[in-house]
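Visitor: The following block contains the structure, expressed as structure tokens.
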Amino acid sequence: MAASDTMPPTVTTGTRQRAADYLATRHRFRLAEALPWLIAIAVFFIFPTRMTFGSQVLAMAMFALSLDLILGYAGIVTLGHAAFFGVGAYTVGLTAARLQWTEPISGLFAAAIAAGLVGFITGWFLLRYRGLTLLMLTLATAIMLQEAGNLRSDISGGYDGLPGLAFKPLLGVFDYDLYGHTYYLYALAVLAVVVYFVRRIVYSPFGQALTGIRENVRRMHAIGSPVHRRLVTVYTIAAAIAGVAGALFTQTNAYVTLTVFDFDNSAKVMVMLILGGTGRLYGAFVGATVYMVCEDYLSKLSPTFWQFGIGLMLVLVVLFAPRGVLGIFENIGSYFSERKRL
């Protein structure tokens, strides 16, 4: 006997109506979503001499968001996401150093196309596998790209990289100052566009299909969903976003080295996502900010043992806040909402 047959009709109708209301309104902007943007704008005025660091935080938040799109929503676990970050970073670096193409915004589009193409090609083959096999294959992809760059050090600069990159003024008008104010606002604007784009994906039918694949891939196959095609699509989109983040990183720092492909970079962005909370649009914001600020402070406090502090923080979050820092705030909000309702 179905569960709905044993429930009173009023209960079943009420439950269905609440579910329908939730699905109809879940895509709407909420007041709380404005808070991260207000904080980012406030930081611009409160810490005017730390804008270069702020730009790096925003770039890493975008990088973490790209990983959340495939890990938090599609359930694709990867240890080689830095491959696409590195492709985007080197696309901008090589076009500036070798082709003298230094227009920043077109560089972002070039980075997105290059990283998305690499994501499509690798995803088409790798996403036929799951679990540990997929982990190792994604890790191997990043390593091979790094070694290919090292092999052609005459082009990539090897581990010395491409230092001293210079870019044209933003929109041909806004030049770059010593403290990085222009880069910060530039990175914030690009991040806002990317978040809007990802938000539309997450709350679309395509996003709901990704959630279904994450929860039960066999059932999605059984109902005729094109699982592989959808996974490759979201993998390509996430790769393109990671490429944009890498391009912003290169433009902000005015240099790029092969370390952008390092496993440390893939692991770091996953730690950021765990800290902030997976499967949430703004978990990447929180996780990237917490990680970068703690890394900056702890590395100054102890240049040798700062990673111990990061590791301890990660252990505490996993043990006591498995949904991440953002999950703690969500629990607090739910608690007060429940009390108000009662």
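By order in the structure tokens, chains are A, B, ...; within a chain, residues start at 1; ligands start at 1, following the order shown.
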Mind checking DSSP for range 58-263 of chain A and telling me the helix (DSSP H, G or I) residues as JSON, numbers by chain?
Guide: {"A": [58, 59, 60, 61, 62, 63, 64, 65, 66, 67, 68, 69, 70, 71, 82, 83, 84, 85, 86, 87, 88, 89, 90, 91, 92, 93, 94, 95, 96, 97, 104, 105, 106, 107, 108, 109, 110, 111, 112, 113, 114, 115, 116, 117, 118, 119, 120, 121, 122, 123, 124, 125, 126, 131, 132, 133, 134, 135, 136, 137, 138, 139, 140, 141, 142, 143, 144, 145, 146, 147, 148, 149, 150, 151, 153, 154, 155, 156, 158, 159, 160, 181, 182, 183, 184, 185, 186, 187, 188, 189, 190, 191, 192, 193, 194, 195, 196, 197, 198, 199, 200, 201, 202, 205, 206, 207, 208, 209, 210, 211, 212, 213, 214, 215, 217, 218, 219, 220, 221, 222, 227, 228, 229, 230, 231, 232, 233, 234, 235, 236, 237, 238, 239, 240, 241, 242, 243, 244, 245, 246, 247, 248, 249, 250, 251, 252, 253, 258, 259, 260, 261, 263]}
Visitor: Write out as a list in words each polymer residue whose atoms come within 10 Å of range 317-320 of chain A, counting only C-alpha atoms; drop sequence neighbours fewer than 3 positions from it.
Guide: Ile274, Leu275, Gly276, Gly277, Gly311, Leu312, Met313, Leu314, Arg323, Gly324, Val325 and Ile328 of chain A
Visitor: What would the file look like if the residues just selected were written as a CSV table (one decimal), in the first residue's frame with C-alpha atoms?
Guide:
```csv
chain,number,residue,atom,x,y,z
A,274,ILE,CA,34.3,21.5,2.6
A,275,LEU,CA,34.8,24.5,4.9
A,276,GLY,CA,32.0,26.5,3.3
A,277,GLY,CA,29.6,23.7,2.6
A,311,GLY,CA,44.3,20.9,9.1
A,312,LEU,CA,43.0,21.4,12.6
A,313,MET,CA,40.3,23.7,11.4
A,314,LEU,CA,39.3,21.2,8.7
A,323,ARG,CA,27.5,20.8,6.3
A,324,GLY,CA,30.3,23.5,6.5
A,325,VAL,CA,30.3,26.9,8.0
A,328,ILE,CA,25.9,26.4,10.9
```
Visitor: Per residue of range 195-230 of chain A within 12 Å of range 118-133 of chain A, note the shortest atom pair and the distance in Å to one decimal, counting only C-alpha atoms, and order the rows by chain and increasing residue number, as a Markdown table.
Guide:
```
| residue | atom | partner | partner_atom | distance |
| --- | --- | --- | --- | --- |
| A:Arg214 | CA | A:Arg130 | CA | 11.6 |
| A:Val217 | CA | A:Arg130 | CA | 10.7 |
| A:Val227 | CA | A:Arg128 | CA | 9.9 |
| A:His228 | CA | A:Leu127 | CA | 7.0 |
| A:Arg229 | CA | A:Trp124 | CA | 8.2 |
| A:Arg230 | CA | A:Leu127 | CA | 10.3 |
```
Visitor: Keeping all heavy atoms for every residue in the selection just given, could you write it to a file as a JSON list (two decimals), in the first residue's frame?
Guide:
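Result saved to part21.json:
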```
[["chain", "number", "residue", "atom", "x", "y", "z"],
["A", 214, "ARG", "N", 23.17, 12.92, -8.90],
["A", 214, "ARG", "CA", 23.98, 12.85, -7.68],
["A", 214, "ARG", "C", 23.37, 11.89, -6.67],
["A", 214, "ARG", "O", 24.08, 11.10, -6.03],
["A", 214, "ARG", "CB", 24.10, 14.24, -7.06],
["A", 214, "ARG", "CG", 24.91, 14.30, -5.78],
["A", 214, "ARG", "CD", 24.68, 15.62, -5.06],
["A", 214, "ARG", "NE", 23.31, 15.70, -4.55],
["A", 214, "ARG", "CZ", 22.75, 16.82, -4.12],
["A", 214, "ARG", "NH1", 23.42, 17.97, -4.16],
["A", 214, "ARG", "NH2", 21.52, 16.81, -3.67],
["A", 217, "VAL", "N", 22.11, 7.65, -9.55],
["A", 217, "VAL", "CA", 22.42, 7.63, -10.98],
["A", 217, "VAL", "C", 21.73, 6.47, -11.69],
["A", 217, "VAL", "O", 21.30, 6.59, -12.85],
["A", 217, "VAL", "CB", 23.96, 7.58, -11.19],
["A", 217, "VAL", "CG1", 24.54, 6.27, -10.68],
["A", 217, "VAL", "CG2", 24.30, 7.79, -12.66],
["A", 227, "VAL", "N", 22.28, 10.66, -18.87],
["A", 227, "VAL", "CA", 23.17, 10.94, -17.75],
["A", 227, "VAL", "C", 24.54, 11.40, -18.23],
["A", 227, "VAL", "O", 25.06, 12.44, -17.78],
["A", 227, "VAL", "CB", 23.30, 9.70, -16.84],
["A", 227, "VAL", "CG1", 24.38, 9.92, -15.78],
["A", 227, "VAL", "CG2", 21.97, 9.40, -16.17],
["A", 228, "HIS", "N", 25.16, 10.64, -19.11],
["A", 228, "HIS", "CA", 26.52, 10.97, -19.54],
["A", 228, "HIS", "C", 26.57, 12.33, -20.21],
["A", 228, "HIS", "O", 27.48, 13.13, -19.96],
["A", 228, "HIS", "CB", 27.05, 9.88, -20.47],
["A", 228, "HIS", "CG", 28.46, 10.11, -20.90],
["A", 228, "HIS", "ND1", 28.79, 10.61, -22.16],
["A", 228, "HIS", "CD2", 29.65, 9.95, -20.25],
["A", 228, "HIS", "CE1", 30.09, 10.72, -22.26],
["A", 228, "HIS", "NE2", 30.64, 10.33, -21.12],
["A", 229, "ARG", "N", 25.60, 12.62, -21.06],
["A", 229, "ARG", "CA", 25.58, 13.89, -21.77],
["A", 229, "ARG", "C", 25.44, 15.06, -20.79],
["A", 229, "ARG", "O", 26.10, 16.09, -20.95],
["A", 229, "ARG", "CB", 24.43, 13.90, -22.77],
["A", 229, "ARG", "CG", 24.45, 15.12, -23.71],
["A", 229, "ARG", "CD", 23.39, 14.98, -24.77],
["A", 229, "ARG", "NE", 22.05, 15.07, -24.18],
["A", 229, "ARG", "CZ", 20.94, 14.70, -24.82],
["A", 229, "ARG", "NH1", 21.03, 14.16, -26.03],
["A", 229, "ARG", "NH2", 19.77, 14.84, -24.25],
["A", 230, "ARG", "N", 24.60, 14.89, -19.80],
["A", 230, "ARG", "CA", 24.41, 15.96, -18.82],
["A", 230, "ARG", "C", 25.66, 16.14, -17.96],
["A", 230, "ARG", "O", 26.02, 17.27, -17.62],
["A", 230, "ARG", "CB", 23.19, 15.66, -17.96],
["A", 230, "ARG", "CG", 21.89, 15.94, -18.69],
["A", 230, "ARG", "CD", 20.68, 15.54, -17.93],
["A", 230, "ARG", "NE", 19.46, 16.05, -18.58],
["A", 230, "ARG", "CZ", 18.24, 15.58, -18.37],
["A", 230, "ARG", "NH1", 18.06, 14.58, -17.52],
["A", 230, "ARG", "NH2", 17.20, 16.10, -19.01]]
```
Visitor: Counting only C-alpha atoms, which residue out of A:Gln146, A:Thr78, A:Gln251, A:Ser106 sits closest to Gln56 in chain A?
Guide: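 Selected residue with least distance to Gln56 in chain A: A:Gln251.
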Visitor: Of the residues A:Met144, A:Leu35, A:Ile113, A:Met51, which is the one nearest to Tyr183 in chain A, using only C-alpha atoms?
Guide: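 Going through A:Met144, A:Leu35, A:Ile113, A:Met51 one by one, the smallest distance to Tyr183 in chain A is for A:Met51.
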Visitor: Closest to Gly116 in chain A among A:Ala288, A:Val244, A:Leu258, A:Leu326, using only C-alpha atoms?
Guide: A:Val244
Visitor: Could you check how far CA of Val198 in chain A sits from CA of Ile70 in chain A, in Å to one decimal?
Guide: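 Going from CA of Val198 in chain A over to CA of Ile70 in chain A, I get 11.1 Å.
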Visitor: Within 12 Å of range 39-44 of chain A, which residues of range 50-94 of chain A come that close, and what is the closest atom pair and distance in Å for each? Count only C-alpha atoms and give it as a tab-separated table.
Guide:
```
residue	atom	partner	partner_atom	distance
A:Arg50	CA	A:Phe44	CA	8.5
A:Met51	CA	A:Phe44	CA	7.0
A:Thr52	CA	A:Phe44	CA	10.7
A:Phe53	CA	A:Phe44	CA	11.2
A:Gly54	CA	A:Val43	CA	8.3
A:Ser55	CA	A:Phe44	CA	10.3
A:Val57	CA	A:Ala40	CA	10.3
A:Leu58	CA	A:Ala40	CA	9.1
A:Ala61	CA	A:Ala40	CA	11.9
```
Visitor: List the spatial neighbours of Leu139 in chain A as a ChimeraX atom specification - criterion: any atom at most 8 Å away, only C-alpha atoms, same-chain residues fewer than 2 positions off excluded.
Guide: /A:78-80,135-137,141-143,263
Visitor: Pick the closest to Met62 in chain A from A:Met270, A:Leu191, A:Val202, A:Met292: which is it, counting only C-alpha atoms?
Guide: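 For Met62 in chain A, the nearest of the candidates is A:Leu191.
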Visitor: Of the candidates A:Val173, A:Val195, A:Val256, A:Leu31, which shows the shortest atom-to-atom distance to Asp160 in chain A, using only C-alpha atoms?
Guide: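 Once distances to Asp160 in chain A are computed over only C-alpha atoms, the minimum belongs to A:Val256.
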Visitor: Name the residues in contact with Ala238 in chain A at a cut-off of 8 Å, using only C-alpha atoms, excluding same-chain residues fewer than 3 positions from it; report them as a PDB file with C-alpha atoms, in the first residue's frame.
Guide:
```pdb
ATOM      1  CA  SER A  66      33.115  25.833 -10.295  1.00  0.00           C
ATOM      2  CA  LEU A  67      34.029  22.768  -8.245  1.00  0.00           C
ATOM      3  CA  LEU A  69      28.836  22.890  -9.532  1.00  0.00           C
ATOM      4  CA  ILE A  70      30.167  19.415 -10.340  1.00  0.00           C
ATOM      5  CA  GLY A 116      35.885  24.456 -21.546  1.00  0.00           C
ATOM      6  CA  VAL A 234      28.114  20.455 -16.528  1.00  0.00           C
ATOM      7  CA  TYR A 235      31.762  19.327 -16.452  1.00  0.00           C
ATOM      8  CA  ILE A 241      34.358  28.814 -15.007  1.00  0.00           C
ATOM      9  CA  ALA A 242      37.551  27.432 -13.459  1.00  0.00           C
TER      10      ALA A 242
END
```
Visitor: My list of candidates is A:Gly246, A:Gly172, A:Gly207, A:Gly86. Which is closest to Phe63 in chain A when distances are computed with only C-alpha atoms?
Guide: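 Closest residue, counting only C-alpha atoms: A:Gly246.
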Visitor: Give me the residues within 8 Å of Phe167 in chain A as a PyMOL selection string, counting only C-alpha atoms and dropping any in the same chain fewer than 5 places off.
Guide: chain A and resi 96+102-104+251
